[in-house]
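*Asks:* This is work_27.cif (mmCIF, N, CA and C atoms).
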data_coords
loop_
_atom_site.label_atom_id
_atom_site.label_comp_id
_atom_site.auth_asym_id
_atom_site.auth_seq_id
_atom_site.Cartn_x
_atom_site.Cartn_y
_atom_site.Cartn_z
N MET N 1 0.04 -31.67 11.10
CA MET N 1 0.53 -32.08 9.80
C MET N 1 1.02 -33.51 9.90
N ASP N 2 0.50 -34.33 9.04
CA ASP N 2 0.74 -35.76 9.13
C ASP N 2 2.10 -36.19 8.60
N ASP N 3 2.47 -35.72 7.45
CA ASP N 3 3.70 -36.21 6.84
C ASP N 3 4.59 -35.06 6.38
N ALA N 4 5.75 -35.41 5.91
CA ALA N 4 6.75 -34.42 5.48
C ALA N 4 6.29 -33.66 4.25
N GLN N 5 5.51 -34.29 3.41
CA GLN N 5 5.05 -33.63 2.19
C GLN N 5 4.12 -32.46 2.52
N LYS N 6 3.22 -32.64 3.49
CA LYS N 6 2.34 -31.54 3.90
C LYS N 6 3.12 -30.42 4.58
N ARG N 7 4.13 -30.78 5.37
CA ARG N 7 4.97 -29.76 6.01
C ARG N 7 5.70 -28.93 4.96
N LYS N 8 6.22 -29.62 3.95
CA LYS N 8 6.95 -28.93 2.89
C LYS N 8 6.01 -28.01 2.11
N LYS N 9 4.82 -28.48 1.81
CA LYS N 9 3.84 -27.69 1.08
C LYS N 9 3.42 -26.46 1.89
N ALA N 10 3.25 -26.64 3.20
CA ALA N 10 2.88 -25.52 4.07
C ALA N 10 3.99 -24.48 4.14
N LEU N 11 5.25 -24.93 4.25
CA LEU N 11 6.36 -23.98 4.29
C LEU N 11 6.50 -23.23 2.98
N GLN N 12 6.35 -23.92 1.85
CA GLN N 12 6.45 -23.26 0.56
C GLN N 12 5.32 -22.25 0.37
N THR N 13 4.14 -22.59 0.80
CA THR N 13 3.01 -21.68 0.69
C THR N 13 3.22 -20.44 1.55
N ALA N 14 3.66 -20.64 2.78
CA ALA N 14 3.88 -19.51 3.68
C ALA N 14 5.03 -18.64 3.20
N ALA N 15 6.09 -19.25 2.67
CA ALA N 15 7.24 -18.49 2.21
C ALA N 15 6.92 -17.69 0.95
N GLY N 16 5.90 -18.07 0.20
CA GLY N 16 5.54 -17.37 -1.02
C GLY N 16 4.75 -16.10 -0.81
N MET N 17 4.32 -15.83 0.40
CA MET N 17 3.53 -14.63 0.68
C MET N 17 4.42 -13.39 0.75
N ASP N 18 3.82 -12.21 0.52
CA ASP N 18 4.55 -10.95 0.60
C ASP N 18 4.81 -10.58 2.05
N GLY N 19 5.99 -10.06 2.34
CA GLY N 19 6.33 -9.59 3.68
C GLY N 19 6.91 -10.64 4.59
N ILE N 20 7.15 -11.85 4.12
CA ILE N 20 7.69 -12.92 4.95
C ILE N 20 9.20 -12.74 5.10
N ILE N 21 9.68 -12.78 6.34
CA ILE N 21 11.12 -12.72 6.61
C ILE N 21 11.66 -14.13 6.80
N SER N 22 10.98 -14.94 7.63
CA SER N 22 11.45 -16.30 7.85
C SER N 22 10.27 -17.20 8.21
N THR N 23 10.45 -18.50 7.90
CA THR N 23 9.46 -19.51 8.27
C THR N 23 10.20 -20.68 8.90
N SER N 24 9.57 -21.33 9.86
CA SER N 24 10.17 -22.51 10.48
C SER N 24 9.05 -23.38 11.04
N ILE N 25 9.41 -24.64 11.32
CA ILE N 25 8.44 -25.58 11.89
C ILE N 25 8.82 -25.83 13.35
N ASP N 26 7.83 -25.67 14.22
CA ASP N 26 8.01 -25.90 15.65
C ASP N 26 7.02 -26.99 16.06
N GLY N 27 7.47 -28.23 15.98
CA GLY N 27 6.58 -29.35 16.30
C GLY N 27 5.54 -29.52 15.21
N ASP N 28 4.29 -29.24 15.56
CA ASP N 28 3.19 -29.37 14.60
C ASP N 28 2.72 -28.01 14.12
N LYS N 29 3.50 -26.96 14.37
CA LYS N 29 3.11 -25.59 14.04
C LYS N 29 4.12 -24.98 13.09
N ILE N 30 3.65 -24.02 12.31
CA ILE N 30 4.53 -23.24 11.45
C ILE N 30 4.69 -21.87 12.10
N VAL N 31 5.93 -21.44 12.29
CA VAL N 31 6.22 -20.12 12.85
C VAL N 31 6.64 -19.23 11.69
N VAL N 32 5.91 -18.13 11.50
CA VAL N 32 6.16 -17.22 10.39
C VAL N 32 6.47 -15.85 10.96
N GLU N 33 7.58 -15.26 10.51
CA GLU N 33 7.94 -13.90 10.91
C GLU N 33 7.95 -13.04 9.67
N GLY N 34 7.41 -11.84 9.80
CA GLY N 34 7.36 -10.97 8.64
C GLY N 34 7.12 -9.53 9.00
N ASP N 35 7.29 -8.68 8.02
CA ASP N 35 7.09 -7.24 8.18
C ASP N 35 5.95 -6.83 7.24
N GLY N 36 4.86 -6.32 7.80
CA GLY N 36 3.71 -5.94 7.00
C GLY N 36 2.96 -7.15 6.47
N LEU N 37 2.98 -8.22 7.23
CA LEU N 37 2.36 -9.48 6.83
C LEU N 37 0.87 -9.45 7.14
N ASP N 38 0.06 -9.88 6.19
CA ASP N 38 -1.39 -9.99 6.39
C ASP N 38 -1.69 -11.39 6.91
N SER N 39 -1.97 -11.49 8.21
CA SER N 39 -2.16 -12.80 8.84
C SER N 39 -3.42 -13.49 8.35
N ILE N 40 -4.47 -12.73 8.06
CA ILE N 40 -5.71 -13.33 7.58
C ILE N 40 -5.52 -13.92 6.19
N ALA N 41 -4.80 -13.20 5.33
CA ALA N 41 -4.55 -13.71 3.98
C ALA N 41 -3.69 -14.97 4.03
N LEU N 42 -2.69 -14.99 4.93
CA LEU N 42 -1.84 -16.17 5.08
C LEU N 42 -2.66 -17.38 5.53
N THR N 43 -3.53 -17.19 6.51
CA THR N 43 -4.37 -18.28 7.01
C THR N 43 -5.31 -18.77 5.92
N THR N 44 -5.87 -17.86 5.14
CA THR N 44 -6.78 -18.25 4.07
C THR N 44 -6.06 -19.07 3.01
N VAL N 45 -4.85 -18.66 2.63
CA VAL N 45 -4.09 -19.41 1.62
C VAL N 45 -3.72 -20.78 2.15
N LEU N 46 -3.31 -20.87 3.40
CA LEU N 46 -2.97 -22.18 3.99
C LEU N 46 -4.19 -23.09 4.05
N ARG N 47 -5.37 -22.53 4.34
CA ARG N 47 -6.58 -23.35 4.37
C ARG N 47 -6.93 -23.86 2.98
N LYS N 48 -6.72 -23.03 1.96
CA LYS N 48 -7.02 -23.48 0.60
C LYS N 48 -6.06 -24.58 0.15
N LYS N 49 -4.79 -24.46 0.54
CA LYS N 49 -3.79 -25.44 0.10
C LYS N 49 -3.83 -26.72 0.93
N LEU N 50 -4.00 -26.60 2.25
CA LEU N 50 -3.89 -27.76 3.14
C LEU N 50 -5.23 -28.31 3.61
N GLY N 51 -6.26 -27.50 3.55
CA GLY N 51 -7.56 -27.97 3.99
C GLY N 51 -7.92 -27.52 5.40
N HIS N 52 -6.95 -27.40 6.30
CA HIS N 52 -7.24 -26.98 7.66
C HIS N 52 -6.05 -26.21 8.21
N ALA N 53 -6.30 -25.01 8.73
CA ALA N 53 -5.24 -24.20 9.34
C ALA N 53 -5.87 -23.28 10.37
N ASN N 54 -5.19 -23.09 11.48
CA ASN N 54 -5.64 -22.19 12.55
C ASN N 54 -4.57 -21.16 12.82
N LEU N 55 -5.00 -19.93 13.06
CA LEU N 55 -4.11 -18.86 13.46
C LEU N 55 -4.13 -18.83 14.98
N ILE N 56 -2.98 -19.10 15.61
CA ILE N 56 -2.95 -19.22 17.07
C ILE N 56 -2.63 -17.89 17.72
N THR N 57 -1.50 -17.27 17.37
CA THR N 57 -1.14 -15.98 17.97
C THR N 57 -0.53 -15.07 16.93
N VAL N 58 -0.70 -13.77 17.16
CA VAL N 58 -0.05 -12.73 16.37
C VAL N 58 0.58 -11.78 17.37
N THR N 59 1.90 -11.66 17.31
CA THR N 59 2.61 -10.77 18.23
C THR N 59 3.58 -9.91 17.44
N PRO N 60 3.79 -8.66 17.86
CA PRO N 60 4.79 -7.83 17.19
C PRO N 60 6.19 -8.28 17.57
N SER N 61 7.13 -8.07 16.69
CA SER N 61 8.50 -8.45 16.99
C SER N 61 9.12 -7.44 17.96
N ASP N 62 10.31 -7.73 18.47
CA ASP N 62 10.97 -6.85 19.43
C ASP N 62 11.29 -5.49 18.81
N ASP N 63 11.64 -5.47 17.53
CA ASP N 63 11.95 -4.21 16.86
C ASP N 63 10.73 -3.31 16.79
N GLU N 64 9.57 -3.89 16.52
CA GLU N 64 8.34 -3.11 16.44
C GLU N 64 7.95 -2.55 17.80
N LYS N 65 8.20 -3.29 18.88
CA LYS N 65 7.89 -2.81 20.22
C LYS N 65 8.74 -1.58 20.55
N GLU N 66 10.02 -1.62 20.18
CA GLU N 66 10.90 -0.48 20.44
C GLU N 66 10.49 0.72 19.60
N ASP N 67 10.09 0.48 18.35
CA ASP N 67 9.67 1.57 17.48
C ASP N 67 8.42 2.25 18.02
N LYS N 68 7.48 1.46 18.55
CA LYS N 68 6.25 2.03 19.08
C LYS N 68 6.53 2.89 20.31
N GLN N 69 7.51 2.48 21.13
CA GLN N 69 7.84 3.27 22.30
C GLN N 69 8.46 4.59 21.88
N GLU N 70 9.27 4.59 20.84
CA GLU N 70 9.88 5.82 20.36
C GLU N 70 8.83 6.74 19.73
N GLU N 71 7.83 6.17 19.08
CA GLU N 71 6.80 6.96 18.43
C GLU N 71 5.85 7.60 19.41
N LYS N 72 5.78 7.10 20.63
CA LYS N 72 4.84 7.62 21.61
C LYS N 72 5.26 8.97 22.19
N LYS N 73 6.43 9.47 21.80
CA LYS N 73 6.83 10.79 22.27
C LYS N 73 5.81 11.81 21.80
N GLU N 74 5.53 12.77 22.66
CA GLU N 74 4.48 13.73 22.38
C GLU N 74 4.90 14.69 21.28
N GLN N 75 4.05 14.79 20.26
CA GLN N 75 4.30 15.68 19.14
C GLN N 75 3.42 16.92 19.29
N PRO N 76 3.94 18.11 18.96
CA PRO N 76 3.09 19.30 19.04
C PRO N 76 2.01 19.25 17.96
N VAL N 77 0.86 19.81 18.28
CA VAL N 77 -0.26 19.82 17.35
C VAL N 77 -0.14 21.06 16.47
N VAL N 78 -0.08 20.86 15.18
CA VAL N 78 0.02 21.96 14.24
C VAL N 78 -1.30 22.06 13.48
N LEU N 79 -1.95 23.20 13.61
CA LEU N 79 -3.22 23.41 12.95
C LEU N 79 -2.99 24.13 11.62
N PRO N 80 -3.76 23.81 10.60
CA PRO N 80 -3.60 24.50 9.33
C PRO N 80 -4.08 25.94 9.45
N PRO N 81 -3.56 26.84 8.63
CA PRO N 81 -4.01 28.23 8.71
C PRO N 81 -5.46 28.36 8.29
N TYR N 82 -6.15 29.33 8.86
CA TYR N 82 -7.56 29.54 8.58
C TYR N 82 -7.69 30.64 7.54
N TYR N 83 -8.39 30.35 6.47
CA TYR N 83 -8.63 31.33 5.43
C TYR N 83 -10.13 31.56 5.32
N ALA N 84 -10.52 32.83 5.26
CA ALA N 84 -11.93 33.16 5.06
C ALA N 84 -12.26 32.97 3.59
N VAL N 85 -13.39 32.36 3.33
CA VAL N 85 -13.80 32.09 1.96
C VAL N 85 -14.91 33.07 1.59
N VAL N 86 -14.68 33.83 0.54
CA VAL N 86 -15.68 34.76 0.04
C VAL N 86 -16.24 34.17 -1.25
N HIS N 87 -17.53 33.95 -1.27
CA HIS N 87 -18.15 33.38 -2.45
C HIS N 87 -18.35 34.45 -3.51
N PRO N 88 -18.08 34.14 -4.77
CA PRO N 88 -18.20 35.15 -5.83
C PRO N 88 -19.64 35.50 -6.19
N TYR N 89 -20.60 34.64 -5.85
CA TYR N 89 -21.99 34.89 -6.19
C TYR N 89 -22.81 35.00 -4.91
N PRO N 90 -23.77 35.92 -4.86
CA PRO N 90 -24.60 36.02 -3.65
C PRO N 90 -25.52 34.82 -3.54
N TYR N 91 -26.03 34.60 -2.36
CA TYR N 91 -26.94 33.49 -2.10
C TYR N 91 -28.25 33.72 -2.84
N GLN N 92 -28.74 32.68 -3.50
CA GLN N 92 -29.98 32.80 -4.27
C GLN N 92 -31.15 32.34 -3.40
N TYR N 93 -32.13 33.22 -3.22
CA TYR N 93 -33.31 32.89 -2.45
C TYR N 93 -34.38 32.33 -3.37
N GLY N 94 -35.09 31.33 -2.91
CA GLY N 94 -36.18 30.77 -3.70
C GLY N 94 -37.40 31.67 -3.64
N TYR N 95 -38.21 31.64 -4.66
CA TYR N 95 -39.43 32.44 -4.68
C TYR N 95 -40.54 31.63 -5.30
N TYR N 96 -41.76 32.06 -5.03
CA TYR N 96 -42.94 31.37 -5.55
C TYR N 96 -43.62 32.30 -6.54
N GLU N 97 -43.83 31.82 -7.74
CA GLU N 97 -44.45 32.65 -8.78
C GLU N 97 -45.94 32.34 -8.84
N THR N 98 -46.70 33.35 -8.76
CA THR N 98 -48.16 33.17 -8.86
C THR N 98 -48.58 33.33 -10.31
N SER N 99 -49.76 32.89 -10.61
CA SER N 99 -50.28 32.96 -11.97
C SER N 99 -50.61 34.41 -12.34
N ARG N 100 -50.42 34.74 -13.61
CA ARG N 100 -50.74 36.09 -14.08
C ARG N 100 -52.24 36.30 -14.14
N TYR N 101 -52.95 35.20 -14.36
CA TYR N 101 -54.41 35.26 -14.49
C TYR N 101 -55.02 34.49 -13.32
N PRO N 102 -55.50 35.19 -12.30
CA PRO N 102 -55.99 34.50 -11.11
C PRO N 102 -57.26 33.68 -11.31
N ASP N 103 -58.09 33.99 -12.30
CA ASP N 103 -59.35 33.29 -12.50
C ASP N 103 -59.24 32.14 -13.49
N SER N 104 -58.09 31.89 -14.03
CA SER N 104 -57.97 30.86 -15.06
C SER N 104 -57.93 29.47 -14.43
N CYS N 105 -58.14 28.48 -15.25
CA CYS N 105 -58.13 27.09 -14.81
C CYS N 105 -56.68 26.63 -14.61
N SER N 106 -56.38 25.90 -13.56
CA SER N 106 -55.00 25.50 -13.29
C SER N 106 -54.56 24.31 -14.14
N ILE N 107 -55.50 23.58 -14.73
CA ILE N 107 -55.15 22.42 -15.53
C ILE N 107 -54.63 22.85 -16.89
N MET N 108 -55.16 23.88 -17.46
CA MET N 108 -54.76 24.31 -18.79
C MET N 108 -53.51 25.09 -18.72
#
Now that the file is in, can you turn its structure into structure tokens?

*Replies:*
Amino acid sequence: MDDAQKRKKALQTAAGMDGIISTSIDGDKIVVEGDGLDSIALTTVLRKKLGHANLITVTPSDDEKEDKQEEKKEQPVVLPPYYAVVHPYPYQYGYYETSRYPDSCSIM
């Protein structure tokens, strides 16, 4: 980012997205933290506004790492009950009907 105006525009654009918790500038990079943030949509919007943007890294926050470790506890598998299904109508078999008049012309 060349000047302060582009930095300001980039921060405003990033802060306007859904799920953003905080934004900051680290040298020539924008650091964005968020919950449920769509990184591809953010990069696309920045490219439309600024002309050039690269997504360098995507990492989960420390809270998400702890949550994933807690979720990895083994859960028992619960299967739904099995119900037999009885159809109200019997199965219909196909049949072939022959002509009543065997010597007649098939075109008529």

*Asks:* What do you get, as a PDB file with N, CA and C atoms, in the coordinates of the input, if you spell out every residue that the PyMOL selection byres ((chain N and resi 3-18) around 7) selects here?

*Replies:*
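Below you can see result-v4.pdb, which holds the result:
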ATOM      1  N   MET N   1       0.040 -31.670  11.100  1.00  0.00           N
ATOM      2  CA  MET N   1       0.530 -32.080   9.800  1.00  0.00           C
ATOM      3  C   MET N   1       1.020 -33.510   9.900  1.00  0.00           C
ATOM      4  N   ASP N   2       0.500 -34.330   9.040  1.00  0.00           N
ATOM      5  CA  ASP N   2       0.740 -35.760   9.130  1.00  0.00           C
ATOM      6  C   ASP N   2       2.100 -36.190   8.600  1.00  0.00           C
ATOM      7  N   GLY N  19       5.990 -10.060   2.340  1.00  0.00           N
ATOM      8  CA  GLY N  19       6.330  -9.590   3.680  1.00  0.00           C
ATOM      9  C   GLY N  19       6.910 -10.640   4.590  1.00  0.00           C
ATOM     10  N   ILE N  20       7.150 -11.850   4.120  1.00  0.00           N
ATOM     11  CA  ILE N  20       7.690 -12.920   4.950  1.00  0.00           C
ATOM     12  C   ILE N  20       9.200 -12.740   5.100  1.00  0.00           C
ATOM     13  N   ILE N  21       9.680 -12.780   6.340  1.00  0.00           N
ATOM     14  CA  ILE N  21      11.120 -12.720   6.610  1.00  0.00           C
ATOM     15  C   ILE N  21      11.660 -14.130   6.800  1.00  0.00           C
ATOM     16  N   SER N  22      10.980 -14.940   7.630  1.00  0.00           N
ATOM     17  CA  SER N  22      11.450 -16.300   7.850  1.00  0.00           C
ATOM     18  C   SER N  22      10.270 -17.200   8.210  1.00  0.00           C
ATOM     19  N   THR N  23      10.450 -18.500   7.900  1.00  0.00           N
ATOM     20  CA  THR N  23       9.460 -19.510   8.270  1.00  0.00           C
ATOM     21  C   THR N  23      10.200 -20.680   8.900  1.00  0.00           C
ATOM     22  N   SER N  24       9.570 -21.330   9.860  1.00  0.00           N
ATOM     23  CA  SER N  24      10.170 -22.510  10.480  1.00  0.00           C
ATOM     24  C   SER N  24       9.050 -23.380  11.040  1.00  0.00           C
ATOM     25  N   ASP N  35       7.290  -8.680   8.020  1.00  0.00           N
ATOM     26  CA  ASP N  35       7.090  -7.240   8.180  1.00  0.00           C
ATOM     27  C   ASP N  35       5.950  -6.830   7.240  1.00  0.00           C
ATOM     28  N   GLY N  36       4.860  -6.320   7.800  1.00  0.00           N
ATOM     29  CA  GLY N  36       3.710  -5.940   7.000  1.00  0.00           C
ATOM     30  C   GLY N  36       2.960  -7.150   6.470  1.00  0.00           C
ATOM     31  N   LEU N  37       2.980  -8.220   7.230  1.00  0.00           N
ATOM     32  CA  LEU N  37       2.360  -9.480   6.830  1.00  0.00           C
ATOM     33  C   LEU N  37       0.870  -9.450   7.140  1.00  0.00           C
ATOM     34  N   ASP N  38       0.060  -9.880   6.190  1.00  0.00           N
ATOM     35  CA  ASP N  38      -1.390  -9.990   6.390  1.00  0.00           C
ATOM     36  C   ASP N  38      -1.690 -11.390   6.910  1.00  0.00           C
ATOM     37  N   LEU N  42      -2.690 -14.990   4.930  1.00  0.00           N
ATOM     38  CA  LEU N  42      -1.840 -16.170   5.080  1.00  0.00           C
ATOM     39  C   LEU N  42      -2.660 -17.380   5.530  1.00  0.00           C
ATOM     40  N   VAL N  45      -4.850 -18.660   2.630  1.00  0.00           N
ATOM     41  CA  VAL N  45      -4.090 -19.410   1.620  1.00  0.00           C
ATOM     42  C   VAL N  45      -3.720 -20.780   2.150  1.00  0.00           C
ATOM     43  N   LEU N  46      -3.310 -20.870   3.400  1.00  0.00           N
ATOM     44  CA  LEU N  46      -2.970 -22.180   3.990  1.00  0.00           C
ATOM     45  C   LEU N  46      -4.190 -23.090   4.050  1.00  0.00           C
TER      46      LEU N  46
END

*Asks:* What is the distance, in Å and to one decimal place, between atom C of Ile25 in chain N and CA of Ile40 in chain N?

*Replies:* 20.0 Å

*Asks:* Measure the distance from CA of Pro60 in chain N to atom C of Pro76 in chain N in Å and round it to one decimal.

*Replies:* 27.2 Å

*Asks:* Quick one: distance from CA of Thr43 in chain N to CA of Leu55 in chain N in Å, one decimal?

*Replies:*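 Taking CA of Thr43 in chain N as the start and CA of Leu55 in chain N as the end point, the length is 6.5 Å.
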